[in-house]
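A.B. asks: Dropping in query39.cif, which is mmCIF, C-alpha atoms and all ligand atoms:
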```
data_my_file
#
loop_
_atom_site.group_PDB
_atom_site.id
_atom_site.type_symbol
_atom_site.label_atom_id
_atom_site.label_comp_id
_atom_site.auth_asym_id
_atom_site.auth_seq_id
_atom_site.Cartn_x
_atom_site.Cartn_y
_atom_site.Cartn_z
ATOM 1 C CA MET L 6 -2.776 -3.981 1.700
ATOM 2 C CA ALA L 7 -3.050 -5.404 -1.815
ATOM 3 C CA VAL L 8 -5.701 -7.814 -3.079
ATOM 4 C CA LEU L 9 -5.338 -9.821 -6.272
ATOM 5 C CA GLU L 10 -8.739 -11.107 -7.315
ATOM 6 C CA ILE L 11 -9.193 -13.657 -10.068
ATOM 7 C CA ARG L 12 -12.834 -14.237 -10.982
ATOM 8 C CA ASP L 13 -14.180 -17.036 -13.192
ATOM 9 C CA LEU L 14 -11.188 -16.756 -15.507
ATOM 10 C CA HIS L 15 -11.394 -18.476 -18.888
ATOM 11 C CA VAL L 16 -8.256 -18.544 -21.021
ATOM 12 C CA THR L 17 -7.537 -19.995 -24.462
ATOM 13 C CA VAL L 18 -4.368 -20.490 -26.450
ATOM 14 C CA GLU L 19 -3.899 -20.822 -30.219
ATOM 15 C CA THR L 20 -2.491 -24.201 -31.173
ATOM 16 C CA ASP L 21 -2.155 -26.093 -34.461
ATOM 17 C CA ALA L 22 -5.494 -27.669 -33.617
ATOM 18 C CA GLY L 23 -7.134 -24.235 -33.323
ATOM 19 C CA THR L 24 -8.267 -22.263 -30.292
ATOM 20 C CA THR L 25 -7.851 -24.452 -27.222
ATOM 21 C CA PRO L 26 -9.407 -23.660 -23.848
ATOM 22 C CA ILE L 27 -6.887 -24.080 -21.021
ATOM 23 C CA LEU L 28 -8.439 -22.314 -18.026
ATOM 24 C CA ASN L 29 -12.123 -23.024 -17.531
ATOM 25 C CA GLY L 30 -13.265 -20.749 -14.732
ATOM 26 C CA VAL L 31 -10.571 -20.102 -12.125
ATOM 27 C CA THR L 32 -11.545 -18.099 -9.047
ATOM 28 C CA LEU L 33 -8.908 -17.176 -6.474
ATOM 29 C CA THR L 34 -8.132 -14.271 -4.145
ATOM 30 C CA VAL L 35 -4.630 -13.540 -2.839
ATOM 31 C CA ARG L 36 -4.137 -10.830 -0.233
ATOM 32 C CA THR L 37 -1.000 -9.194 1.101
ATOM 33 C CA GLY L 38 0.658 -11.407 3.677
ATOM 34 C CA GLU L 39 -1.110 -14.578 2.525
ATOM 35 C CA THR L 40 0.594 -17.577 0.983
ATOM 36 C CA HIS L 41 -1.405 -19.724 -1.431
ATOM 37 C CA ALA L 42 -0.055 -22.934 -2.914
ATOM 38 C CA ILE L 43 -1.374 -24.244 -6.217
ATOM 39 C CA MET L 44 -0.773 -27.914 -6.886
ATOM 40 C CA GLY L 45 -2.093 -30.147 -9.646
ATOM 41 C CA PRO L 46 -1.132 -32.601 -12.343
ATOM 42 C CA ASN L 47 1.079 -31.718 -15.318
ATOM 43 C CA GLY L 48 -0.760 -29.762 -17.961
ATOM 44 C CA SER L 49 -3.616 -28.678 -15.687
ATOM 45 C CA GLY L 50 -3.055 -24.968 -16.414
ATOM 46 C CA LYS L 51 -0.941 -23.732 -13.497
ATOM 47 C CA SER L 52 1.701 -22.000 -15.615
ATOM 48 C CA THR L 53 -1.028 -20.693 -17.901
ATOM 49 C CA LEU L 54 -2.575 -18.975 -14.884
ATOM 50 C CA ALA L 55 0.824 -17.522 -13.911
ATOM 51 C CA TYR L 56 1.484 -16.229 -17.438
ATOM 52 C CA THR L 57 -2.011 -14.803 -17.754
ATOM 53 C CA ILE L 58 -1.562 -12.837 -14.522
ATOM 54 C CA ALA L 59 1.764 -11.524 -15.844
ATOM 55 C CA GLY L 60 0.285 -10.629 -19.259
ATOM 56 C CA HIS L 61 1.932 -13.083 -21.655
ATOM 57 C CA PRO L 62 0.551 -12.275 -25.147
ATOM 58 C CA LYS L 63 0.049 -15.962 -26.072
ATOM 59 C CA TYR L 64 -2.852 -16.348 -23.672
ATOM 60 C CA THR L 65 -6.275 -14.907 -24.485
ATOM 61 C CA VAL L 66 -8.720 -14.179 -21.696
ATOM 62 C CA THR L 67 -12.143 -14.983 -23.109
ATOM 63 C CA SER L 68 -14.110 -14.179 -19.964
ATOM 64 C CA GLY L 69 -13.695 -13.465 -16.267
ATOM 65 C CA SER L 70 -11.535 -10.850 -14.585
ATOM 66 C CA ILE L 71 -8.274 -10.197 -12.779
ATOM 67 C CA THR L 72 -8.079 -7.129 -10.563
ATOM 68 C CA LEU L 73 -5.438 -5.753 -8.217
ATOM 69 C CA ASP L 74 -6.975 -3.507 -5.577
ATOM 70 C CA GLY L 75 -9.990 -3.169 -7.834
ATOM 71 C CA GLU L 76 -7.918 -2.046 -10.847
ATOM 72 C CA ASP L 77 -8.383 -4.056 -14.035
ATOM 73 C CA VAL L 78 -5.127 -5.980 -14.472
ATOM 74 C CA LEU L 79 -6.187 -7.329 -17.868
ATOM 75 C CA ALA L 80 -6.296 -3.773 -19.241
ATOM 76 C CA MET L 81 -2.683 -3.190 -18.151
ATOM 77 C CA SER L 82 0.445 -3.780 -20.246
ATOM 78 C CA VAL L 83 3.099 -6.161 -18.901
ATOM 79 C CA ASP L 84 5.150 -3.321 -17.418
ATOM 80 C CA GLU L 85 2.093 -1.630 -15.937
ATOM 81 C CA ARG L 86 1.370 -4.900 -14.131
ATOM 82 C CA ALA L 87 4.907 -4.961 -12.749
ATOM 83 C CA ARG L 88 4.628 -1.325 -11.660
ATOM 84 C CA ALA L 89 1.281 -2.093 -10.023
ATOM 85 C CA GLY L 90 3.111 -4.627 -7.836
ATOM 86 C CA LEU L 91 2.823 -7.993 -9.592
ATOM 87 C CA PHE L 92 5.830 -10.265 -9.995
ATOM 88 C CA LEU L 93 6.270 -13.571 -11.801
ATOM 89 C CA ALA L 94 9.128 -16.000 -11.221
ATOM 90 C CA MET L 95 8.902 -18.229 -14.288
ATOM 91 C CA GLN L 96 9.064 -22.009 -14.406
ATOM 92 C CA TYR L 97 11.605 -21.722 -17.230
ATOM 93 C CA PRO L 98 13.411 -18.369 -16.879
ATOM 94 C CA VAL L 99 14.642 -16.999 -20.211
ATOM 95 C CA GLU L 100 18.174 -16.039 -21.203
ATOM 96 C CA ILE L 101 18.818 -12.396 -22.052
ATOM 97 C CA PRO L 102 22.028 -12.362 -24.092
ATOM 98 C CA GLY L 103 24.060 -9.169 -23.848
ATOM 99 C CA VAL L 104 22.378 -7.940 -20.654
ATOM 100 C CA THR L 105 24.265 -8.381 -17.399
ATOM 101 C CA VAL L 106 22.484 -9.253 -14.161
ATOM 102 C CA THR L 107 23.555 -5.882 -12.698
ATOM 103 C CA ASN L 108 22.148 -3.884 -15.602
ATOM 104 C CA PHE L 109 19.006 -5.969 -15.779
ATOM 105 C CA LEU L 110 18.219 -5.499 -12.085
ATOM 106 C CA ARG L 111 18.912 -1.779 -12.187
ATOM 107 C CA THR L 112 16.780 -1.268 -15.290
ATOM 108 C CA ALA L 113 13.934 -3.294 -13.781
ATOM 109 C CA LYS L 114 14.137 -1.422 -10.473
ATOM 110 C CA THR L 115 14.151 1.944 -12.280
ATOM 111 C CA ALA L 116 11.164 0.962 -14.431
ATOM 112 C CA ILE L 117 9.174 -0.252 -11.451
ATOM 113 C CA ASP L 118 9.939 2.618 -9.076
ATOM 114 C CA GLY L 119 9.738 5.298 -11.768
ATOM 115 C CA GLU L 120 13.204 6.594 -10.782
ATOM 116 C CA ALA L 121 16.702 5.198 -10.683
ATOM 117 C CA PRO L 122 17.755 3.781 -7.316
ATOM 118 C CA ALA L 123 20.432 5.765 -5.453
ATOM 119 C CA ILE L 124 23.735 4.221 -6.530
ATOM 120 C CA ARG L 125 25.294 3.694 -3.126
ATOM 121 C CA THR L 126 22.373 2.021 -1.358
ATOM 122 C CA TRP L 127 21.469 0.076 -4.500
ATOM 123 C CA THR L 128 24.927 -1.471 -4.883
ATOM 124 C CA LYS L 129 24.847 -2.379 -1.217
ATOM 125 C CA ASP L 130 21.344 -3.863 -1.540
ATOM 126 C CA VAL L 131 22.321 -5.982 -4.543
ATOM 127 C CA LYS L 132 25.461 -7.245 -2.847
ATOM 128 C CA GLY L 133 23.579 -8.022 0.348
ATOM 129 C CA ALA L 134 20.769 -9.834 -1.454
ATOM 130 C CA MET L 135 23.242 -11.888 -3.494
ATOM 131 C CA LYS L 136 25.137 -12.783 -0.356
ATOM 132 C CA ASN L 137 21.937 -13.884 1.373
ATOM 133 C CA LEU L 138 21.156 -16.132 -1.584
ATOM 134 C CA ARG L 139 24.761 -17.436 -1.548
ATOM 135 C CA MET L 140 25.273 -16.207 -5.098
ATOM 136 C CA ASP L 141 28.855 -15.685 -6.209
ATOM 137 C CA PRO L 142 29.378 -11.907 -6.788
ATOM 138 C CA LYS L 143 30.716 -12.836 -10.248
ATOM 139 C CA PHE L 144 27.117 -13.501 -11.315
ATOM 140 C CA ALA L 145 26.465 -9.755 -11.309
ATOM 141 C CA GLN L 146 28.585 -9.415 -14.456
ATOM 142 C CA ARG L 147 27.204 -12.434 -16.280
ATOM 143 C CA ASN L 148 24.444 -12.212 -18.868
ATOM 144 C CA VAL L 149 21.009 -12.936 -17.446
ATOM 145 C CA ASN L 150 20.446 -16.707 -17.248
ATOM 146 C CA GLU L 151 23.030 -17.405 -19.970
ATOM 147 C CA GLY L 152 24.662 -20.684 -19.035
ATOM 148 C CA PHE L 153 23.090 -20.531 -15.556
ATOM 149 C CA SER L 154 22.361 -23.927 -14.066
ATOM 150 C CA GLY L 155 18.727 -24.682 -13.218
ATOM 151 C CA GLY L 156 19.281 -23.831 -9.557
ATOM 152 C CA GLU L 157 21.183 -20.630 -10.389
ATOM 153 C CA LYS L 158 18.283 -19.432 -12.532
ATOM 154 C CA LYS L 159 15.878 -19.978 -9.647
ATOM 155 C CA ARG L 160 18.102 -18.063 -7.232
ATOM 156 C CA HIS L 161 18.262 -15.217 -9.727
ATOM 157 C CA GLU L 162 14.440 -15.110 -9.777
ATOM 158 C CA ILE L 163 14.390 -14.764 -5.989
ATOM 159 C CA LEU L 164 17.129 -12.126 -6.163
ATOM 160 C CA GLN L 165 14.763 -10.090 -8.360
ATOM 161 C CA LEU L 166 11.904 -10.725 -5.968
ATOM 162 C CA GLU L 167 13.900 -9.414 -3.007
ATOM 163 C CA LEU L 168 15.159 -6.322 -4.808
ATOM 164 C CA LEU L 169 12.009 -5.337 -6.706
ATOM 165 C CA ARG L 170 9.756 -5.687 -3.664
ATOM 166 C CA PRO L 171 6.432 -6.481 -5.356
ATOM 167 C CA ALA L 172 3.098 -6.643 -3.515
ATOM 168 C CA ILE L 173 2.081 -10.048 -4.869
ATOM 169 C CA ALA L 174 4.473 -12.648 -6.296
ATOM 170 C CA VAL L 175 3.611 -15.656 -8.431
ATOM 171 C CA LEU L 176 6.322 -18.292 -8.088
ATOM 172 C CA ASP L 177 6.017 -20.991 -10.728
ATOM 173 C CA GLU L 178 7.895 -24.104 -9.621
ATOM 174 C CA THR L 179 10.655 -22.073 -8.039
ATOM 175 C CA ASP L 180 11.575 -25.240 -6.107
ATOM 176 C CA SER L 181 11.997 -27.502 -9.134
ATOM 177 C CA GLY L 182 15.524 -28.722 -9.619
ATOM 178 C CA LEU L 183 16.878 -27.270 -6.388
ATOM 179 C CA ASP L 184 19.169 -29.310 -4.155
ATOM 180 C CA VAL L 185 18.278 -29.418 -0.454
ATOM 181 C CA ASP L 186 20.541 -26.525 0.501
ATOM 182 C CA ALA L 187 19.387 -24.327 -2.388
ATOM 183 C CA LEU L 188 15.767 -25.079 -1.539
ATOM 184 C CA LYS L 189 16.368 -23.774 1.967
ATOM 185 C CA ILE L 190 18.209 -20.677 0.728
ATOM 186 C CA VAL L 191 15.517 -19.845 -1.818
ATOM 187 C CA SER L 192 12.747 -20.415 0.747
ATOM 188 C CA GLU L 193 14.537 -18.134 3.205
ATOM 189 C CA GLY L 194 14.581 -15.473 0.478
ATOM 190 C CA VAL L 195 10.831 -15.752 0.002
ATOM 191 C CA ASN L 196 10.267 -15.678 3.751
ATOM 192 C CA ARG L 197 12.471 -12.579 4.073
ATOM 193 C CA ALA L 198 10.361 -10.863 1.418
ATOM 194 C CA LYS L 199 7.242 -11.933 3.291
ATOM 195 C CA GLY L 200 8.632 -10.548 6.533
ATOM 196 C CA GLU L 201 9.969 -7.287 5.135
ATOM 197 C CA THR L 202 7.202 -6.276 2.759
ATOM 198 C CA ASN L 203 4.291 -8.489 3.811
ATOM 199 C CA LEU L 204 4.389 -10.035 0.362
ATOM 200 C CA GLY L 205 1.414 -12.057 -0.872
ATOM 201 C CA VAL L 206 2.557 -15.286 -2.514
ATOM 202 C CA LEU L 207 0.994 -17.600 -5.078
ATOM 203 C CA LEU L 208 3.292 -20.604 -5.041
ATOM 204 C CA ILE L 209 2.931 -23.215 -7.778
ATOM 205 C CA THR L 210 4.580 -26.477 -6.840
ATOM 206 C CA HIS L 211 4.514 -30.253 -7.223
ATOM 207 C CA TYR L 212 6.210 -30.955 -3.909
ATOM 208 C CA THR L 213 5.327 -30.576 -0.269
ATOM 209 C CA ARG L 214 8.992 -30.183 0.688
ATOM 210 C CA ILE L 215 9.016 -26.442 -0.157
ATOM 211 C CA LEU L 216 5.789 -26.064 1.831
ATOM 212 C CA ARG L 217 7.651 -27.178 4.939
ATOM 213 C CA TYR L 218 9.784 -24.026 4.627
ATOM 214 C CA ILE L 219 7.162 -21.664 3.201
ATOM 215 C CA THR L 220 3.964 -22.518 5.039
ATOM 216 C CA PRO L 221 0.877 -21.982 2.904
ATOM 217 C CA ASP L 222 -2.292 -20.552 4.420
ATOM 218 C CA TYR L 223 -4.309 -22.144 1.610
ATOM 219 C CA VAL L 224 -3.745 -24.997 -0.809
ATOM 220 C CA HIS L 225 -5.645 -25.139 -4.115
ATOM 221 C CA VAL L 226 -5.737 -28.127 -6.436
ATOM 222 C CA MET L 227 -5.939 -27.274 -10.124
ATOM 223 C CA VAL L 228 -7.306 -29.938 -12.424
ATOM 224 C CA LYS L 229 -8.196 -29.397 -16.090
ATOM 225 C CA GLY L 230 -8.144 -25.630 -15.807
ATOM 226 C CA ARG L 231 -10.297 -25.390 -12.693
ATOM 227 C CA ILE L 232 -9.744 -25.311 -8.967
ATOM 228 C CA ALA L 233 -11.001 -28.777 -7.993
ATOM 229 C CA GLU L 234 -10.472 -28.504 -4.251
ATOM 230 C CA GLU L 235 -9.235 -26.048 -1.630
ATOM 231 C CA GLY L 236 -7.965 -26.540 1.880
ATOM 232 C CA GLY L 237 -5.189 -25.826 4.349
ATOM 233 C CA PRO L 238 -1.622 -27.190 4.478
ATOM 234 C CA GLU L 239 -2.939 -30.678 5.311
ATOM 235 C CA LEU L 240 -4.381 -30.919 1.804
ATOM 236 C CA ALA L 241 -0.848 -30.799 0.362
ATOM 237 C CA GLU L 242 0.186 -33.755 2.520
ATOM 238 C CA ARG L 243 -2.847 -35.703 1.369
ATOM 239 C CA LEU L 244 -2.081 -35.003 -2.298
ATOM 240 C CA GLU L 245 1.460 -36.242 -1.806
ATOM 241 C CA ASP L 246 0.112 -39.508 -0.394
ATOM 242 C CA GLU L 247 -2.842 -40.017 -2.711
ATOM 243 C CA GLY L 248 -1.943 -38.272 -5.971
ATOM 244 C CA TYR L 249 -4.558 -36.776 -8.272
ATOM 245 C CA ASP L 250 -6.457 -39.893 -9.422
ATOM 246 C CA ARG L 251 -9.458 -38.976 -7.341
ATOM 247 C CA TYR L 252 -9.991 -35.733 -9.245
ATOM 248 C CA LEU L 253 -9.210 -37.224 -12.635
ATOM 249 C CA ASP L 254 -11.540 -40.189 -12.160
ATOM 250 C CA ALA L 255 -14.338 -38.002 -10.909
ATOM 251 C CA ASP L 256 -15.011 -36.392 -14.278
ATOM 252 C CA SER L 257 -13.546 -39.053 -16.494
ATOM 253 C CA THR L 258 -15.813 -40.144 -19.325
ATOM 254 C CA GLU L 259 -14.578 -43.718 -19.013
ATOM 255 C CA PRO L 260 -16.457 -46.163 -16.796
ATOM 256 C CA ALA L 261 -14.884 -46.540 -13.365
ATOM 257 C CA ASP L 262 -14.038 -50.231 -13.865
ATOM 258 C CA ALA L 263 -12.190 -49.445 -17.082
ATOM 259 C CA VAL L 264 -10.078 -46.937 -15.186
ATOM 260 C CA GLU L 265 -9.342 -49.441 -12.469
ATOM 261 C CA ALA L 266 -8.522 -52.326 -14.828
HETATM 262 N N1 LIG L 301 1.562 -21.652 -25.772
HETATM 263 C C1 LIG L 301 0.927 -22.838 -25.784
HETATM 264 N N2 LIG L 301 0.713 -23.505 -26.930
HETATM 265 C C2 LIG L 301 0.069 -24.692 -26.945
HETATM 266 N N3 LIG L 301 -0.386 -25.306 -25.844
HETATM 267 C C3 LIG L 301 -0.206 -24.679 -24.672
HETATM 268 C C4 LIG L 301 0.460 -23.435 -24.569
HETATM 269 N N4 LIG L 301 0.510 -23.058 -23.282
HETATM 270 C C5 LIG L 301 -0.113 -24.051 -22.621
HETATM 271 N N5 LIG L 301 -0.534 -25.016 -23.440
HETATM 272 C C6 LIG L 301 -1.221 -26.252 -23.052
HETATM 273 O O1 LIG L 301 -2.050 -25.952 -21.970
HETATM 274 C C7 LIG L 301 -2.045 -27.000 -21.014
HETATM 275 C C8 LIG L 301 -1.660 -26.434 -19.646
HETATM 276 O O2 LIG L 301 -0.290 -26.069 -19.664
HETATM 277 P P1 LIG L 301 0.440 -25.422 -18.399
HETATM 278 O O3 LIG L 301 1.852 -25.156 -18.787
HETATM 279 O O4 LIG L 301 -0.364 -24.282 -17.927
HETATM 280 O O5 LIG L 301 0.342 -26.636 -17.372
HETATM 281 P P2 LIG L 301 0.981 -26.776 -15.903
HETATM 282 O O6 LIG L 301 -0.151 -27.076 -14.986
HETATM 283 O O7 LIG L 301 1.832 -25.611 -15.599
HETATM 284 O O8 LIG L 301 1.857 -28.115 -16.072
HETATM 285 P P3 LIG L 301 3.272 -28.531 -15.388
HETATM 286 O O9 LIG L 301 2.915 -29.072 -14.041
HETATM 287 O O10 LIG L 301 3.761 -29.632 -16.299
HETATM 288 O O11 LIG L 301 4.166 -27.344 -15.365
HETATM 289 C C9 LIG L 301 -1.091 -28.047 -21.548
HETATM 290 O O12 LIG L 301 -1.811 -29.062 -22.177
HETATM 291 C C10 LIG L 301 -0.238 -27.279 -22.540
HETATM 292 O O13 LIG L 301 0.250 -28.094 -23.562
HETATM 293 MG MG MG L 302 3.834 -25.356 -15.303
#
```
Translate this file's structure into structure tokens.

C.D. replies:
Amino acid sequence: MAVLEIRDLHVTVETDAGTTPILNGVTLTVRTGETHAIMGPNGSGKSTLAYTIAGHPKYTVTSGSITLDGEDVLAMSVDERARAGLFLAMQYPVEIPGVTVTNFLRTAKTAIDGEAPAIRTWTKDVKGAMKNLRMDPKFAQRNVNEGFSGGEKKRHEILQLELLRPAIAVLDETDSGLDVDALKIVSEGVNRAKGETNLGVLLITHYTRILRYITPDYVHVMVKGRIAEEGGPELAERLEDEGYDRYLDADSTEPADAVEA
């Protein structure tokens, strides 16, 4: 049983305009076996939260805490976080020229487990996971994300998720750019991981369609670096119908009639 606890998290980033606050007090708890969806308008800080959990050096935590089973995540290096059981599937996965998918996966697995996986079972596991995700075996010999289509990159993220078996996974717009079949295949991958390892999931998305395959226990709405509302799956449906105006108007400095004009 793993618990990821985010408490009153404030995060800034350095921009040309100086130090800019992005997260303004985010509080969220994700436990093993739970699925949390985070929705919210563009630029509200969802990816910033994902990167901060993963330890991206661009983001500075100015106050608040992140703990995993009581251990201070913010004191851990990026690889210590991965070894502790945290996983991030990025919104825009990066290319790693000169490193094949096979070598990348094996190196990551070795780093996370602290020992190299046994060759025979590992090869079988990789093949099986690729087959499940309907990935052409040829991808194993290609360089990570180099020339991958948007959908192929997302499948590769889920391939990592299934093989690395983290405790808690943050999936940042893993559904974006997927065709209907790929969306189903990728969702099945996440659900397999949930079933096999009781994975806890923090799923960042703009669309309810993925939530029909991966049912969230909780839905959180992020607006301007804060959680503005929380609810169950029905909240996602409401957001799809109504959009985010309600939240944006609520703390707008403009008079209501000006907004409506
Ligand atoms: N490295 C950075 N440098 C400058 N600004 C940044 C940086 N990272 C984030 N920001 C700013 O922080 C805000 C939140 O960005 P973030 O990517 O977290 O939003 P998001 O909620 O993930 O949006 P989207 O739905 O479009 O993916 C944006 O205004 C963005 O421009
Ligand atoms: Mg984002």

A.B. asks: Considering all atoms listed in the file, state which residue in the set L:Arg217, L:Lys136, L:Arg86, L:His15 is at the smallest distance from Leu54 (chain L).

C.D. replies: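 Among the listed residues, the smallest separation from Leu54 (chain L) belongs to L:His15.
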
A.B. asks: To one decimal place, how far is CA of Gly90 (chain L) from CA of Ile117 (chain L) in Å?

C.D. replies: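 Pair CA of Gly90 (chain L) / CA of Ile117 (chain L) returns 8.3 Å.
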
A.B. asks: Set the distance at 6 Å and use only C-alpha atoms: which residues neighbour region 179-190 of chain L once local chain neighbours fewer than 2 positions away are removed? I'd like the list as a PyMOL selection string.

C.D. replies: chain L and resi 138+156+159+176-177+192-193

A.B. asks: Please determine, counting only C-alpha atoms and all ligand atoms, which residue among L:Val104, L:Val195, L:Ile173, L:Ala22 has the shortest atom-to-atom distance to ligand LIG 301 (chain L).

C.D. replies: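 Of all the options, L:Ala22 lies closest to ligand LIG 301 (chain L).
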
A.B. asks: If you measure from atom P1 of ligand LIG 301 (chain L) to CA of Phe109 (chain L), what distance in Å do you get, rounded to one decimal?

C.D. replies: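 Between atom P1 of ligand LIG 301 (chain L) and CA of Phe109 (chain L) the gap is 27.0 Å.
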
A.B. asks: Have a look at L:Ala172, L:Ile43, L:Ala94, L:Val224 and name the one nearest to Lys199 (chain L); count all atoms listed in the file.

C.D. replies: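 Of L:Ala172, L:Ile43, L:Ala94, L:Val224, the one nearest Lys199 (chain L) is L:Ala172, counting all atoms listed in the file.
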
A.B. asks: Taking all atoms listed in the file into account, name the residue in L:Ala198, L:Leu28, L:Ala7, L:Ala174 that is nearest to ligand LIG 301 (chain L).

C.D. replies: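 Looking only at the distances to ligand LIG 301 (chain L), the closest residue turns out to be L:Leu28.
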
A.B. asks: Pick the closest to Val106 (chain L) from L:Ala55, L:Val83, L:Ala89, L:Val149: which is it, counting all atoms listed in the file?

C.D. replies: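 Smallest separation from Val106 (chain L) among the options: L:Val149.
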
A.B. asks: Can you tell me which residues come within 9 Å of ligand LIG 301 (chain L) when counting only C-alpha atoms and all ligand atoms, ideally as JSON, numbers by chain?

C.D. replies: {"L": [17, 18, 19, 20, 21, 25, 26, 27, 28, 44, 45, 46, 47, 48, 49, 50, 51, 52, 53, 54, 55, 56, 63, 64, 96, 177, 178, 209, 210, 211, 227, 228, 229, 230]}

A.B. asks: Take the PyMOL selection byres (((chain L and resi 225) around 9) and not hetatm), apply it to the structure above, and return the hits as a JSON list (two decimals) with C-alpha atoms, in the frame of the given file.

C.D. replies:
```json
[["chain", "number", "residue", "atom", "x", "y", "z"],
["L", 33, "LEU", "CA", -8.91, -17.18, -6.47],
["L", 41, "HIS", "CA", -1.40, -19.72, -1.43],
["L", 42, "ALA", "CA", -0.06, -22.93, -2.91],
["L", 43, "ILE", "CA", -1.37, -24.24, -6.22],
["L", 44, "MET", "CA", -0.77, -27.91, -6.89],
["L", 45, "GLY", "CA", -2.09, -30.15, -9.65],
["L", 223, "TYR", "CA", -4.31, -22.14, 1.61],
["L", 224, "VAL", "CA", -3.74, -25.00, -0.81],
["L", 226, "VAL", "CA", -5.74, -28.13, -6.44],
["L", 227, "MET", "CA", -5.94, -27.27, -10.12],
["L", 232, "ILE", "CA", -9.74, -25.31, -8.97],
["L", 233, "ALA", "CA", -11.00, -28.78, -7.99],
["L", 234, "GLU", "CA", -10.47, -28.50, -4.25],
["L", 235, "GLU", "CA", -9.24, -26.05, -1.63],
["L", 236, "GLY", "CA", -7.96, -26.54, 1.88],
["L", 237, "GLY", "CA", -5.19, -25.83, 4.35],
["L", 240, "LEU", "CA", -4.38, -30.92, 1.80],
["L", 241, "ALA", "CA", -0.85, -30.80, 0.36]]
```

A.B. asks: Compile the contact shell of Glu10 (chain L) as number ranges by chain: residues with an atom at most 6 Å away, counting only C-alpha atoms, same-chain residues fewer than 3 positions apart removed.

C.D. replies: L: 34, 71-72

A.B. asks: Compile the contact shell of Glu167 (chain L) as a list in words: residues with an atom at most 8 Å away, counting all atoms listed in the file, same-chain residues fewer than 3 positions apart removed.

C.D. replies: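 After dropping sequence-adjacent residues, the list is Ala134, Ile163, Leu164, Arg170, Gly194, Val195, Arg197 and Ala198 of chain L.
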
A.B. asks: Selected residues, C-alpha atoms, written as a PDB file, in the coordinates of the input, please.

C.D. replies:
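selection.pdb was written with the following content:
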```pdb
ATOM      1  CA  ALA L 134      20.769  -9.834  -1.454  1.00  0.00           C
ATOM      2  CA  ILE L 163      14.390 -14.764  -5.989  1.00  0.00           C
ATOM      3  CA  LEU L 164      17.129 -12.126  -6.163  1.00  0.00           C
ATOM      4  CA  ARG L 170       9.756  -5.687  -3.664  1.00  0.00           C
ATOM      5  CA  GLY L 194      14.581 -15.473   0.478  1.00  0.00           C
ATOM      6  CA  VAL L 195      10.831 -15.752   0.002  1.00  0.00           C
ATOM      7  CA  ARG L 197      12.471 -12.579   4.073  1.00  0.00           C
ATOM      8  CA  ALA L 198      10.361 -10.863   1.418  1.00  0.00           C
TER       9      ALA L 198
END
```

A.B. asks: Write out as a list in words which residues come within 10 Å of Ser68 (chain L) when counting all atoms listed in the file, dropping same-chain ones fewer than 2 positions away.

C.D. replies: Arg12, Asp13, Leu14, His15, Val16, Thr17, Asn29, Gly30, Thr65, Val66 and Ser70 of chain L

A.B. asks: What's the separation between CA of Ser82 (chain L) and CA of Thr57 (chain L), in Å to one decimal place?

C.D. replies: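 About the pair CA of Ser82 (chain L) and CA of Thr57 (chain L): they are 11.6 Å apart.
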
A.B. asks: Would you mind writing region 212-219 of chain L with N, CA, C and O atoms, as a PDB file, in the coordinates of the input?

C.D. replies:
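Generated file (part18.pdb):
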```
ATOM      1  N   TYR L 212       5.635 -30.251  -5.060  1.00  0.00           N
ATOM      2  CA  TYR L 212       6.210 -30.955  -3.909  1.00  0.00           C
ATOM      3  C   TYR L 212       5.857 -30.296  -2.589  1.00  0.00           C
ATOM      4  O   TYR L 212       5.847 -29.072  -2.485  1.00  0.00           O
ATOM      5  N   THR L 213       5.620 -31.137  -1.590  1.00  0.00           N
ATOM      6  CA  THR L 213       5.327 -30.576  -0.269  1.00  0.00           C
ATOM      7  C   THR L 213       6.598 -30.109   0.420  1.00  0.00           C
ATOM      8  O   THR L 213       6.519 -29.369   1.385  1.00  0.00           O
ATOM      9  N   ARG L 214       7.785 -30.529  -0.078  1.00  0.00           N
ATOM     10  CA  ARG L 214       8.992 -30.183   0.688  1.00  0.00           C
ATOM     11  C   ARG L 214       9.187 -28.661   0.787  1.00  0.00           C
ATOM     12  O   ARG L 214       9.565 -28.175   1.839  1.00  0.00           O
ATOM     13  N   ILE L 215       8.858 -27.905  -0.274  1.00  0.00           N
ATOM     14  CA  ILE L 215       9.016 -26.442  -0.157  1.00  0.00           C
ATOM     15  C   ILE L 215       7.989 -25.873   0.835  1.00  0.00           C
ATOM     16  O   ILE L 215       8.237 -24.872   1.510  1.00  0.00           O
ATOM     17  N   LEU L 216       6.847 -26.561   0.953  1.00  0.00           N
ATOM     18  CA  LEU L 216       5.789 -26.064   1.831  1.00  0.00           C
ATOM     19  C   LEU L 216       6.131 -26.282   3.312  1.00  0.00           C
ATOM     20  O   LEU L 216       5.462 -25.754   4.190  1.00  0.00           O
ATOM     21  N   ARG L 217       7.190 -27.050   3.552  1.00  0.00           N
ATOM     22  CA  ARG L 217       7.651 -27.178   4.939  1.00  0.00           C
ATOM     23  C   ARG L 217       8.444 -25.940   5.337  1.00  0.00           C
ATOM     24  O   ARG L 217       8.541 -25.614   6.507  1.00  0.00           O
ATOM     25  N   TYR L 218       9.020 -25.258   4.345  1.00  0.00           N
ATOM     26  CA  TYR L 218       9.784 -24.026   4.627  1.00  0.00           C
ATOM     27  C   TYR L 218       8.918 -22.782   4.467  1.00  0.00           C
ATOM     28  O   TYR L 218       9.060 -21.812   5.184  1.00  0.00           O
ATOM     29  N   ILE L 219       8.067 -22.804   3.443  1.00  0.00           N
ATOM     30  CA  ILE L 219       7.162 -21.664   3.201  1.00  0.00           C
ATOM     31  C   ILE L 219       5.756 -22.181   3.473  1.00  0.00           C
ATOM     32  O   ILE L 219       5.154 -22.832   2.624  1.00  0.00           O
TER      33      ILE L 219
END
```
